file upload01.pdb (PDB, C-alpha atoms)
MODEL        1
ATOM      1  CA  MET J1421      -2.214   7.107  12.312
ATOM      2  CA  LYS J1422       1.333   7.371  13.572
ATOM      3  CA  GLU J1423       2.818   8.320  10.206
ATOM      4  CA  LEU J1424       1.575  10.431   7.304
ATOM      5  CA  SER J1425       2.694   7.634   5.009
ATOM      6  CA  LEU J1426       0.098   5.386   6.671
ATOM      7  CA  ASN J1427      -2.549   7.939   5.730
ATOM      8  CA  ILE J1428      -1.233   7.737   2.169
ATOM      9  CA  LEU J1429      -1.477   3.943   2.249
ATOM     10  CA  ASP J1430      -5.015   4.185   3.554
ATOM     11  CA  ILE J1431      -6.262   6.841   1.131
ATOM     12  CA  SER J1432      -4.702   5.046  -1.831
ATOM     13  CA  GLN J1433      -6.771   1.974  -0.948
ATOM     14  CA  ASN J1434      -9.858   4.073  -1.697
ATOM     15  CA  SER J1435      -8.455   4.830  -5.160
ATOM     16  CA  LEU J1436      -7.767   1.161  -5.794
ATOM     17  CA  LYS J1437     -11.185   0.134  -4.543
ATOM     18  CA  ALA J1438     -12.659   2.685  -6.950
ATOM     19  CA  GLY J1439     -11.123   0.704  -9.791
ATOM     20  CA  ALA J1440      -8.384   3.210 -10.640
ATOM     21  CA  LYS J1441      -5.923   2.323 -13.393
ATOM     22  CA  ASN J1442      -3.646   5.249 -12.594
ATOM     23  CA  VAL J1443      -2.848   6.626  -9.169
ATOM     24  CA  SER J1444      -0.498   9.475  -8.432
ATOM     25  CA  VAL J1445       0.901  10.432  -5.065
ATOM     26  CA  ILE J1446       2.574  13.838  -5.006
ATOM     27  CA  LEU J1447       4.351  15.283  -1.971
ATOM     28  CA  ASP J1448       5.320  18.900  -2.438
ATOM     29  CA  GLU J1449       7.429  20.693   0.168
ATOM     30  CA  VAL J1450       8.606  23.423  -2.169
ATOM     31  CA  SER J1451       5.639  25.418  -3.467
ATOM     32  CA  LYS J1452       4.830  26.961  -0.116
ATOM     33  CA  GLU J1453       7.156  27.621   2.813
ATOM     34  CA  ASN J1454       6.775  25.411   5.892
ATOM     35  CA  THR J1455       4.074  23.464   4.125
ATOM     36  CA  LEU J1456       3.689  19.922   2.873
ATOM     37  CA  ILE J1457       1.064  19.501   0.178
ATOM     38  CA  MET J1458       0.009  15.892  -0.329
ATOM     39  CA  THR J1459      -2.088  15.176  -3.412
ATOM     40  CA  ILE J1460      -3.468  11.750  -4.278
ATOM     41  CA  THR J1461      -5.194  11.574  -7.642
ATOM     42  CA  ASP J1462      -6.884   8.628  -9.314
ATOM     43  CA  ASP J1463      -8.946   7.812 -12.384
ATOM     44  CA  GLY J1464     -11.313   5.526 -10.502
ATOM     45  CA  CYS J1465     -15.102   5.637 -10.633
ATOM     46  CA  GLY J1466     -15.286   8.904  -8.708
ATOM     47  CA  MET J1467     -17.986  10.077  -6.317
ATOM     48  CA  SER J1468     -21.204  11.995  -6.711
ATOM     49  CA  GLU J1469     -21.361  15.537  -5.362
ATOM     50  CA  GLU J1470     -23.424  14.340  -2.439
ATOM     51  CA  THR J1471     -20.907  11.650  -1.528
ATOM     52  CA  VAL J1472     -18.075  14.184  -1.675
ATOM     53  CA  ARG J1473     -19.993  16.408   0.736
ATOM     54  CA  ASN J1474     -20.458  13.557   3.197
ATOM     55  CA  VAL J1475     -17.109  11.872   2.906
ATOM     56  CA  THR J1476     -15.485  13.580   5.879
ATOM     57  CA  ASP J1477     -18.269  12.261   8.070
ATOM     58  CA  PRO J1478     -16.995   9.157   9.899
ATOM     59  CA  PHE J1479     -20.439   7.632   9.664
ATOM     60  CA  CYS J1480     -20.273   7.723   5.895
ATOM     61  CA  THR J1481     -18.628   4.727   4.278
ATOM     62  CA  SER J1482     -18.980   2.501   1.245
ATOM     63  CA  ARG J1483     -17.923  -0.559   3.149
ATOM     64  CA  LYS J1484     -20.387  -3.218   4.075
ATOM     65  CA  THR J1485     -18.831  -4.671   7.192
ATOM     66  CA  ARG J1486     -19.754  -1.759   9.415
ATOM     67  CA  LYS J1487     -21.293   1.673   9.298
ATOM     68  CA  VAL J1488     -18.172   3.725   9.924
ATOM     69  CA  GLY J1489     -15.316   4.799   7.711
ATOM     70  CA  LEU J1490     -12.344   6.555   9.240
ATOM     71  CA  GLY J1491      -9.845   6.946   6.401
ATOM     72  CA  ILE J1492     -10.730  10.467   5.273
ATOM     73  CA  PRO J1493     -11.640  11.707   8.796
ATOM     74  CA  LEU J1494      -8.212  10.581  10.060
ATOM     75  CA  LEU J1495      -6.455  12.407   7.216
ATOM     76  CA  LYS J1496      -8.538  15.513   7.937
ATOM     77  CA  LEU J1497      -7.571  15.324  11.604
ATOM     78  CA  ALA J1498      -3.885  14.867  10.745
ATOM     79  CA  ALA J1499      -3.946  17.942   8.492
ATOM     80  CA  GLU J1500      -6.102  20.181  10.664
ATOM     81  CA  GLN J1501      -4.081  19.591  13.805
ATOM     82  CA  THR J1502      -1.115  21.180  11.981
ATOM     83  CA  GLY J1503      -3.181  24.201  10.940
ATOM     84  CA  GLY J1504      -3.817  22.698   7.505
ATOM     85  CA  TYR J1505      -6.867  21.369   5.720
ATOM     86  CA  ILE J1506      -8.044  18.847   3.161
ATOM     87  CA  GLU J1507      -9.841  19.324  -0.135
ATOM     88  CA  ILE J1508     -11.613  16.626  -2.085
ATOM     89  CA  SER J1509     -12.822  16.945  -5.626
ATOM     90  CA  SER J1510     -14.342  14.183  -7.658
ATOM     91  CA  ARG J1511     -16.074  13.423 -10.920
ATOM     92  CA  HIS J1512     -18.385  10.448 -10.946
ATOM     93  CA  GLU J1513     -18.284   8.185 -13.960
ATOM     94  CA  SER J1514     -22.020   8.519 -14.547
ATOM     95  CA  ASP J1515     -21.644  12.280 -15.027
ATOM     96  CA  TYR J1516     -18.205  12.248 -16.654
ATOM     97  CA  PRO J1517     -17.878   8.952 -18.507
ATOM     98  CA  ASP J1518     -14.611   9.954 -20.216
ATOM     99  CA  CYS J1519     -12.851  11.801 -17.428
ATOM    100  CA  HIS J1520     -13.708  10.582 -13.957
ATOM    101  CA  GLY J1521     -11.760  10.149 -10.759
ATOM    102  CA  THR J1522     -10.955  11.698  -7.428
ATOM    103  CA  THR J1523      -8.338  14.064  -6.070
ATOM    104  CA  VAL J1524      -7.626  14.256  -2.362
ATOM    105  CA  LYS J1525      -5.384  17.105  -1.319
ATOM    106  CA  ALA J1526      -4.093  17.499   2.220
ATOM    107  CA  VAL J1527      -2.083  20.477   3.392
ATOM    108  CA  PHE J1528       0.135  20.232   6.478
ATOM    109  CA  GLY J1529       1.976  22.920   8.389
ATOM    110  CA  THR J1530       5.474  21.442   8.708
ATOM    111  CA  ASP J1531       6.442  23.816  11.506
ATOM    112  CA  SER J1532       3.606  22.589  13.702
ATOM    113  CA  ILE J1533       4.649  20.380  16.600
ATOM    114  CA  ASP J1534       1.524  18.331  15.939
ATOM    115  CA  ILE J1535       2.568  17.152  12.491
ATOM    116  CA  ALA J1536       3.035  13.387  12.312
ATOM    117  CA  PRO J1537       6.315  12.242  10.761
ATOM    118  CA  LEU J1538       6.142  11.137   7.145
ATOM    119  CA  GLY J1539       7.455   7.770   8.331
ATOM    120  CA  ASP J1540       8.382   4.860   6.125
ATOM    121  CA  ILE J1541       7.158   6.159   2.783
ATOM    122  CA  ILE J1542       9.249   3.597   0.883
ATOM    123  CA  SER J1543       7.572   0.599   2.543
ATOM    124  CA  THR J1544       4.235   2.285   1.990
ATOM    125  CA  LEU J1545       4.783   2.604  -1.761
ATOM    126  CA  ILE J1546       6.036  -0.974  -1.994
ATOM    127  CA  VAL J1547       2.968  -2.263  -0.133
ATOM    128  CA  ILE J1548       0.604  -0.247  -2.363
ATOM    129  CA  ILE J1549       2.233  -1.581  -5.522
ATOM    130  CA  GLN J1550       2.451  -5.153  -4.184
ATOM    131  CA  GLY J1551      -1.293  -5.104  -3.517
ATOM    132  CA  HIS J1552      -2.319  -3.904  -6.983
ATOM    133  CA  PRO J1553       0.538  -4.489  -9.417
ATOM    134  CA  ASP J1554      -1.628  -3.979 -12.510
ATOM    135  CA  VAL J1555      -2.260  -0.329 -11.689
ATOM    136  CA  ASP J1556       0.170   2.392 -12.759
ATOM    137  CA  TYR J1557       1.588   4.699 -10.139
ATOM    138  CA  LEU J1558       3.370   7.985 -10.259
ATOM    139  CA  PHE J1559       5.100   9.061  -7.080
ATOM    140  CA  ARG J1560       6.888  12.373  -6.761
ATOM    141  CA  HIS J1561       8.314  13.897  -3.598
ATOM    142  CA  THR J1562       9.744  17.359  -4.083
ATOM    143  CA  LYS J1563      11.929  18.826  -1.356
ATOM    144  CA  PRO J1564      14.075  21.961  -1.372
ATOM    145  CA  THR J1565      17.101  19.673  -1.834
ATOM    146  CA  GLY J1566      15.746  17.819  -4.842
ATOM    147  CA  GLU J1567      13.127  15.303  -5.805
ATOM    148  CA  VAL J1568      12.396  11.579  -5.769
ATOM    149  CA  VAL J1569      10.307  10.195  -8.631
ATOM    150  CA  LEU J1570       8.994   6.694  -9.255
ATOM    151  CA  ASP J1571       6.949   6.082 -12.402
ATOM    152  CA  THR J1572       5.768   2.519 -12.874
ATOM    153  CA  ARG J1573       4.962   3.140 -16.552
ATOM    154  CA  GLU J1574       8.668   3.643 -17.215
ATOM    155  CA  MET J1575       9.394   0.462 -15.293
ATOM    156  CA  ARG J1576       6.789  -1.493 -17.220
ATOM    157  CA  GLU J1577       8.297  -0.382 -20.517
ATOM    158  CA  VAL J1578      11.582  -1.909 -19.458
ATOM    159  CA  LEU J1579      10.108  -5.031 -17.884
ATOM    160  CA  GLY J1580       7.716  -5.841 -20.717
ATOM    161  CA  ASP J1581       4.862  -8.296 -20.341
ATOM    162  CA  GLY J1582       5.111 -11.337 -18.168
ATOM    163  CA  ILE J1583       6.917  -9.752 -15.231
ATOM    164  CA  SER J1584       4.653  -8.399 -12.526
ATOM    165  CA  LEU J1585       5.514  -5.327 -10.494
ATOM    166  CA  ALA J1586       4.685  -7.507  -7.481
ATOM    167  CA  ASP J1587       7.528  -9.937  -8.179
ATOM    168  CA  PHE J1588       9.854  -9.774  -5.235
ATOM    169  CA  GLU J1589      12.927  -8.903  -7.293
ATOM    170  CA  VAL J1590      11.077  -5.948  -8.792
ATOM    171  CA  LEU J1591       9.859  -4.790  -5.375
ATOM    172  CA  GLU J1592      13.441  -5.034  -4.125
ATOM    173  CA  TRP J1593      14.677  -2.973  -7.061
ATOM    174  CA  MET J1594      12.080  -0.336  -6.217
ATOM    175  CA  ARG J1595      13.106  -0.310  -2.570
ATOM    176  CA  ASN J1596      16.795   0.097  -3.448
ATOM    177  CA  TYR J1597      16.004   2.706  -6.074
ATOM    178  CA  LEU J1598      13.920   4.769  -3.645
ATOM    179  CA  GLU J1599      16.449   4.416  -0.817
ATOM    180  CA  GLU J1600      19.225   5.698  -3.064
ATOM    181  CA  ALA J1601      17.091   8.487  -4.450
ATOM    182  CA  TYR J1602      16.186   9.639  -0.939
ATOM    183  CA  SER J1603      19.782   9.435   0.283
ATOM    184  CA  GLU J1604      20.790  11.800  -2.520
ATOM    185  CA  ILE J1605      18.427  14.562  -1.412
ATOM    186  CA  LYS J1606      18.955  14.166   2.290
TER     187      LYS J1606
ATOM    188  CA  MET X 393      21.881   5.615  -8.640
ATOM    189  CA  LYS X 394      19.707   2.586  -9.400
ATOM    190  CA  SER X 395      18.917   2.916 -13.047
ATOM    191  CA  LEU X 396      16.463   1.528 -15.540
ATOM    192  CA  ALA X 397      19.444  -0.261 -17.107
ATOM    193  CA  GLU X 398      19.733  -2.286 -13.921
ATOM    194  CA  LEU X 399      16.043  -3.036 -14.131
ATOM    195  CA  LYS X 400      16.622  -4.299 -17.643
ATOM    196  CA  ALA X 401      19.339  -6.623 -16.409
ATOM    197  CA  LEU X 402      16.938  -7.821 -13.749
ATOM    198  CA  ARG X 403      14.296  -8.481 -16.400
ATOM    199  CA  ASP X 404      16.694 -10.615 -18.451
ATOM    200  CA  LYS X 405      17.587 -12.611 -15.366
ATOM    201  CA  MET X 406      13.955 -13.062 -14.358
ATOM    202  CA  GLN X 407      12.655 -14.086 -17.746
ATOM    203  CA  ASN X 408      14.577 -17.313 -17.400
ATOM    204  CA  SER X 409      12.829 -18.217 -14.180
ATOM    205  CA  VAL X 410       9.330 -16.926 -14.897
ATOM    206  CA  ASN X 411       7.916 -20.297 -15.861
ATOM    207  CA  LEU X 412       8.812 -21.774 -12.507
ATOM    208  CA  ARG X 413       6.556 -19.468 -10.552
ATOM    209  CA  GLU X 414       3.400 -19.596 -12.562
ATOM    210  CA  ASP X 415       2.162 -22.720 -10.877
ATOM    211  CA  THR X 416       0.505 -21.451  -7.735
ATOM    212  CA  GLU X 417      -2.494 -23.766  -8.027
ATOM    213  CA  GLY X 418      -3.085 -25.756  -4.897
ATOM    214  CA  GLY X 419      -0.727 -23.603  -2.880
ATOM    215  CA  MET X 420      -1.306 -21.556   0.235
ATOM    216  CA  ARG X 421      -2.654 -18.051   0.267
ATOM    217  CA  VAL X 422      -1.723 -15.487   2.905
ATOM    218  CA  VAL X 423      -4.158 -12.580   3.115
ATOM    219  CA  VAL X 424      -3.394  -9.464   5.145
ATOM    220  CA  GLY X 425      -6.168  -7.028   6.108
ATOM    221  CA  MET X 426      -5.231  -3.603   4.750
ATOM    222  CA  ALA X 427      -8.152  -1.333   5.566
ATOM    223  CA  THR X 428      -7.929   1.719   7.839
ATOM    224  CA  CYS X 429      -8.202  -0.494  10.920
ATOM    225  CA  GLY X 430      -5.415  -2.845   9.809
ATOM    226  CA  ILE X 431      -3.113  -0.043   8.688
ATOM    227  CA  ALA X 432      -3.573   1.905  11.923
ATOM    228  CA  ALA X 433      -2.861  -1.234  13.963
ATOM    229  CA  GLY X 434       0.389  -2.005  12.123
ATOM    230  CA  ALA X 435      -0.457  -4.191   9.110
ATOM    231  CA  ARG X 436       2.175  -2.638   6.856
ATOM    232  CA  PRO X 437       5.239  -4.219   8.507
ATOM    233  CA  VAL X 438       3.330  -7.501   8.792
ATOM    234  CA  LEU X 439       2.665  -7.578   5.067
ATOM    235  CA  SER X 440       6.261  -6.565   4.308
ATOM    236  CA  ALA X 441       7.524  -9.382   6.543
ATOM    237  CA  PHE X 442       5.419 -12.009   4.751
ATOM    238  CA  VAL X 443       6.492 -10.772   1.307
ATOM    239  CA  GLU X 444      10.159 -10.697   2.317
ATOM    240  CA  LYS X 445      10.209 -14.050   4.089
ATOM    241  CA  VAL X 446       8.407 -15.887   1.287
ATOM    242  CA  ALA X 447      11.031 -14.575  -1.144
ATOM    243  CA  GLU X 448      13.983 -15.071   1.209
ATOM    244  CA  LYS X 449      13.061 -18.694   1.971
ATOM    245  CA  LYS X 450      12.286 -19.284  -1.715
ATOM    246  CA  ILE X 451       8.877 -20.699  -0.848
ATOM    247  CA  GLU X 452       7.011 -21.736  -3.984
ATOM    248  CA  ASN X 453       3.244 -21.998  -4.285
ATOM    249  CA  VAL X 454       2.469 -19.351  -1.686
ATOM    250  CA  ILE X 455       0.914 -16.039  -2.614
ATOM    251  CA  VAL X 456       0.706 -13.057  -0.308
ATOM    252  CA  THR X 457      -2.214 -10.737  -0.992
ATOM    253  CA  GLN X 458      -4.102  -7.884   0.628
ATOM    254  CA  THR X 459      -7.729  -7.416   1.429
ATOM    255  CA  GLY X 460      -9.964  -4.797   3.006
ATOM    256  CA  CYS X 461     -11.599  -4.868   6.400
ATOM    257  CA  ILE X 462     -12.255  -8.396   7.599
ATOM    258  CA  GLY X 463     -14.725  -7.132  10.209
ATOM    259  CA  ILE X 464     -12.854  -7.833  13.426
ATOM    260  CA  CYS X 465     -11.021  -4.534  13.785
ATOM    261  CA  GLN X 466     -10.278  -5.023  17.479
ATOM    262  CA  TYR X 467      -8.004  -7.924  16.530
ATOM    263  CA  GLU X 468      -6.043  -6.162  13.783
ATOM    264  CA  PRO X 469      -3.539  -6.690  12.267
ATOM    265  CA  VAL X 470      -5.359  -9.797  11.048
ATOM    266  CA  VAL X 471      -3.831 -12.361   8.697
ATOM    267  CA  GLU X 472      -5.745 -15.234   7.139
ATOM    268  CA  VAL X 473      -3.915 -18.281   5.830
ATOM    269  CA  PHE X 474      -5.834 -20.397   3.319
ATOM    270  CA  ASP X 475      -4.549 -23.914   2.809
ATOM    271  CA  GLY X 476      -6.961 -25.677   0.488
ATOM    272  CA  LYS X 477     -10.284 -25.503   2.319
ATOM    273  CA  GLU X 478      -8.695 -24.803   5.696
ATOM    274  CA  LYS X 479      -8.637 -21.217   6.907
ATOM    275  CA  THR X 480      -6.573 -20.049   9.846
ATOM    276  CA  THR X 481      -7.124 -16.565  11.251
ATOM    277  CA  TYR X 482      -4.135 -15.023  13.006
ATOM    278  CA  ILE X 483      -4.745 -11.919  15.082
ATOM    279  CA  LYS X 484      -2.734  -9.038  16.554
ATOM    280  CA  MET X 485       0.109  -9.876  14.241
ATOM    281  CA  THR X 486       3.582  -8.373  14.190
ATOM    282  CA  ALA X 487       6.529  -8.805  11.836
ATOM    283  CA  GLU X 488       8.098 -11.199  14.382
ATOM    284  CA  LYS X 489       4.963 -13.321  14.624
ATOM    285  CA  ALA X 490       4.774 -13.316  10.825
ATOM    286  CA  ALA X 491       8.263 -14.832  10.648
ATOM    287  CA  GLU X 492       7.184 -17.527  13.088
ATOM    288  CA  VAL X 493       4.024 -18.305  11.107
ATOM    289  CA  ILE X 494       6.146 -18.641   7.967
ATOM    290  CA  GLU X 495       8.500 -21.090   9.662
ATOM    291  CA  LYS X 496       5.989 -23.199  11.548
ATOM    292  CA  HIS X 497       2.819 -23.026   9.476
ATOM    293  CA  ILE X 498       3.735 -22.174   5.890
ATOM    294  CA  ILE X 499       6.882 -24.297   5.822
ATOM    295  CA  GLY X 500       6.215 -26.690   8.688
ATOM    296  CA  GLY X 501       2.505 -27.202   8.080
ATOM    297  CA  LYS X 502       1.629 -26.729  11.733
ATOM    298  CA  VAL X 503      -0.764 -23.943  12.812
ATOM    299  CA  VAL X 504       0.710 -21.572  15.418
ATOM    300  CA  THR X 505      -2.289 -21.951  17.714
ATOM    301  CA  GLU X 506      -1.370 -19.297  20.261
ATOM    302  CA  TYR X 507      -1.647 -16.502  17.663
ATOM    303  CA  THR X 508      -4.998 -17.603  16.252
ATOM    304  CA  ILE X 509      -8.337 -16.002  17.000
ATOM    305  CA  GLY X 510      -9.381 -19.208  18.763
ATOM    306  CA  ALA X 511      -6.734 -18.656  21.426
ATOM    307  CA  ALA X 512      -8.006 -15.143  22.168
ATOM    308  CA  LYS X 513     -11.356 -16.220  23.521
TER     309      LYS X 513
ENDMDL
END

call {"tool": "encode", "arguments": {"input": "upload01.pdb", "output": "structure tokens"}}
result
Amino acid sequence: MKELSLNILDISQNSLKAGAKNVSVILDEVSKENTLIMTITDDGCGMSEETVRNVTDPFCTSRKTRKVGLGIPLLKLAAEQTGGYIEISSRHESDYPDCHGTTVKAVFGTDSIDIAPLGDIISTLIVIIQGHPDVDYLFRHTKPTGEVVLDTREMREVLGDGISLADFEVLEWMRNYLEEAYSEIK
Amino acid sequence: MKSLAELKALRDKMQNSVNLREDTEGGMRVVVGMATCGIAAGARPVLSAFVEKVAEKKIENVIVTQTGCIGICQYEPVVEVFDGKEKTTYIKMTAEKAAEVIEKHIIGGKVVTEYTIGAAK
């Protein structure tokens, strides 16, 4: 992947495929110096302990078209080549019927020359939301200069029923909102 | 700063036009492959281009959606256009090609043969 935001797009598809109703994407550049901590959390069906153990294996996948799955291995590679790592924790719905889901955390060394650029995070968020507008998303990117937050639950309260988050006007509002928010913490 | 008040104004404006867009029956469907293979090959700008162009040209009765791996990763980014029972598979798409497909196929009704999977073999 050329951009870390493409890894985010890819990993979030796993959350959506797991039937998540809430997905959060948190980028934290403040808690630890020279470090970007990316955390993607969902309330989807979750994975069994065995699946979690195998999920970094490229020959482990839930898809039916082919016997390889590269999403998590590519994220692991992206993190490890900067001196970072990934951590995956999950609760499967059969074991935790009331509180299931998955958290994928990736830690990147931002001073490494091998870190991929974050890239077009705004387009990434718009594409995620366009694909599954019925899911709620929380995005937060915290930098030393400030933070950018997008919470679709707040948006939905304003929009009410009948207007989808995937309507073009709404997607445009999100794009403008995020562009302005990012320009303020540049 | 874009505010929720602006979103509210947008809602009021949109509520008047909501009824117009509900009729997507019988329209075309554009499906972009958004699995790891598609994303790595550049599907994101392709999807964005379709969404933007459909809105910009005010094309009714066309929906743009996403899907997982279509199974032909070597040809990603792959876009399928469903028009009734007809399916056209476009391969190795870019934002520029997407704009052309919108003009010629979605609006003009004529398949852009050189970008289809049939032309690759």

call {"tool": "interface_residues", "arguments": {"input": "upload01.pdb", "of": "chain J", "to": "chain X", "cutoff": "6 Å", "atoms": "only C-alpha atoms", "output": "mmCIF file with C-alpha atoms, in the frame of the given file"}}
result
data_model
loop_
_atom_site.group_PDB
_atom_site.id
_atom_site.type_symbol
_atom_site.label_atom_id
_atom_site.label_comp_id
_atom_site.auth_asym_id
_atom_site.auth_seq_id
_atom_site.Cartn_x
_atom_site.Cartn_y
_atom_site.Cartn_z
ATOM 1 C CA MET J 1421 -2.214 7.107 12.312
ATOM 2 C CA ASP J 1430 -5.015 4.185 3.554
ATOM 3 C CA THR J 1485 -18.831 -4.671 7.192
ATOM 4 C CA GLY J 1491 -9.845 6.946 6.401
ATOM 5 C CA GLY J 1551 -1.293 -5.104 -3.517
ATOM 6 C CA VAL J 1578 11.582 -1.909 -19.458
ATOM 7 C CA LEU J 1579 10.108 -5.031 -17.884
ATOM 8 C CA TYR J 1597 16.004 2.706 -6.074
#

call {"tool": "resolve_selection", "arguments": {"input": "upload01.pdb", "expression": "the PyMOL selection byres ((chain J and resi 1530) around 6)", "output": "list in words"}}
result
Asn1454, Thr1455, Phe1528, Gly1529, Asp1531 and Ser1532 of chain J

call {"tool": "resolve_selection", "arguments": {"input": "upload01.pdb", "expression": "the PyMOL selection byres ((chain X and resi 422) around 9)", "output": "MDAnalysis selection string"}}
result
chainID X and resid 420:421 423:424 442 454:458 471:475

call {"tool": "closest_residue", "arguments": {"input": "upload01.pdb", "among": "J:Arg1576, J:Arg1511, J:Leu1426, J:Thr1562", "to": "J:Leu1456", "atoms": "only C-alpha atoms"}}
result
J:Thr1562

call {"tool": "resolve_selection", "arguments": {"input": "upload01.pdb", "expression": "the PyMOL selection byres ((chain X and resi 508) around 8)", "output": "PyMOL selection string"}}
result
chain X and resi 480-483+504-507+509-512

call {"tool": "closest_residue", "arguments": {"input": "upload01.pdb", "among": "J:Ala1586, J:Ile1546, J:Val1527, J:Val1555", "to": "J:Glu1453", "atoms": "only C-alpha atoms"}}
result
J:Val1527

call {"tool": "closest_residue", "arguments": {"input": "upload01.pdb", "among": "J:Glu1500, J:Glu1513, J:Asp1587, J:Glu1599", "to": "J:Ala1526", "atoms": "only C-alpha atoms"}}
result
J:Glu1500

call {"tool": "atom_distance", "arguments": {"input": "upload01.pdb", "atom1": "atom CA of J:Asn1596", "atom2": "atom CA of X:Ala491"}}
result
22.2 Å

call {"tool": "axis_aligned_box", "arguments": {"input": "upload01.pdb", "around": "stretch 468-477 of chain X", "padding_each_side": "4 Å", "output": "lines of an AutoDock Vina configuration file"}}
result
center_x = -6.9
center_y = -15.9
center_z = 7.1
size_x = 14.7
size_y = 27.5
size_z = 21.3

call {"tool": "atom_distance", "arguments": {"input": "upload01.pdb", "atom1": "atom CA of J:Arg1473", "atom2": "atom CA of J:Thr1502"}}
result
22.5 Å

call {"tool": "closest_residue", "arguments": {"input": "upload01.pdb", "among": "J:Ile1583, J:Val1568, J:Ile1548, J:Ile1506", "to": "J:Glu1449", "atoms": "all atoms listed in the file"}}
result
J:Val1568

call {"tool": "decode", "arguments": {"input": "upload01.pdb", "residues": "stretch 1496-1510 of chain J", "atoms": "N, CA and C atoms", "output": "mmCIF file, in the first residue's frame"}}
result
data_model
loop_
_atom_site.group_PDB
_atom_site.id
_atom_site.type_symbol
_atom_site.label_atom_id
_atom_site.label_comp_id
_atom_site.auth_asym_id
_atom_site.auth_seq_id
_atom_site.Cartn_x
_atom_site.Cartn_y
_atom_site.Cartn_z
ATOM 1 N N LYS J 1496 0.747 -5.078 8.920
ATOM 2 C CA LYS J 1496 1.844 -5.523 9.793
ATOM 3 C C LYS J 1496 3.180 -5.111 9.179
ATOM 4 N N LEU J 1497 3.310 -5.354 7.878
ATOM 5 C CA LEU J 1497 4.534 -4.974 7.171
ATOM 6 C C LEU J 1497 4.763 -3.468 7.271
ATOM 7 N N ALA J 1498 3.698 -2.689 7.011
ATOM 8 C CA ALA J 1498 3.817 -1.232 7.026
ATOM 9 C C ALA J 1498 4.280 -0.742 8.397
ATOM 10 N N ALA J 1499 3.769 -1.368 9.463
ATOM 11 C CA ALA J 1499 4.140 -0.943 10.814
ATOM 12 C C ALA J 1499 5.546 -1.425 11.171
ATOM 13 N N GLU J 1500 5.822 -2.682 10.879
ATOM 14 C CA GLU J 1500 7.110 -3.252 11.297
ATOM 15 C C GLU J 1500 8.293 -2.635 10.567
ATOM 16 N N GLN J 1501 8.073 -2.208 9.331
ATOM 17 C CA GLN J 1501 9.208 -1.611 8.613
ATOM 18 C C GLN J 1501 9.562 -0.222 9.161
ATOM 19 N N THR J 1502 8.716 0.326 10.042
ATOM 20 C CA THR J 1502 9.065 1.590 10.708
ATOM 21 C C THR J 1502 9.541 1.348 12.132
ATOM 22 N N GLY J 1503 9.749 0.084 12.494
ATOM 23 C CA GLY J 1503 10.140 -0.248 13.862
ATOM 24 C C GLY J 1503 8.942 -0.414 14.786
ATOM 25 N N GLY J 1504 7.749 -0.419 14.222
ATOM 26 C CA GLY J 1504 6.532 -0.550 15.026
ATOM 27 C C GLY J 1504 6.010 -1.971 15.038
ATOM 28 N N TYR J 1505 4.733 -2.103 15.356
ATOM 29 C CA TYR J 1505 4.128 -3.427 15.483
ATOM 30 C C TYR J 1505 2.620 -3.289 15.375
ATOM 31 N N ILE J 1506 1.937 -4.434 15.260
ATOM 32 C CA ILE J 1506 0.476 -4.395 15.362
ATOM 33 C C ILE J 1506 0.012 -5.318 16.477
ATOM 34 N N GLU J 1507 -1.169 -4.998 16.990
ATOM 35 C CA GLU J 1507 -1.798 -5.801 18.041
ATOM 36 C C GLU J 1507 -3.259 -5.971 17.674
ATOM 37 N N ILE J 1508 -3.746 -7.195 17.770
ATOM 38 C CA ILE J 1508 -5.147 -7.433 17.449
ATOM 39 C C ILE J 1508 -5.808 -8.113 18.634
ATOM 40 N N SER J 1509 -6.911 -7.545 19.061
ATOM 41 C CA SER J 1509 -7.672 -8.232 20.111
ATOM 42 C C SER J 1509 -9.112 -8.326 19.650
ATOM 43 N N SER J 1510 -9.776 -9.393 20.018
ATOM 44 C CA SER J 1510 -11.107 -9.608 19.500
ATOM 45 C C SER J 1510 -11.934 -10.444 20.453
#
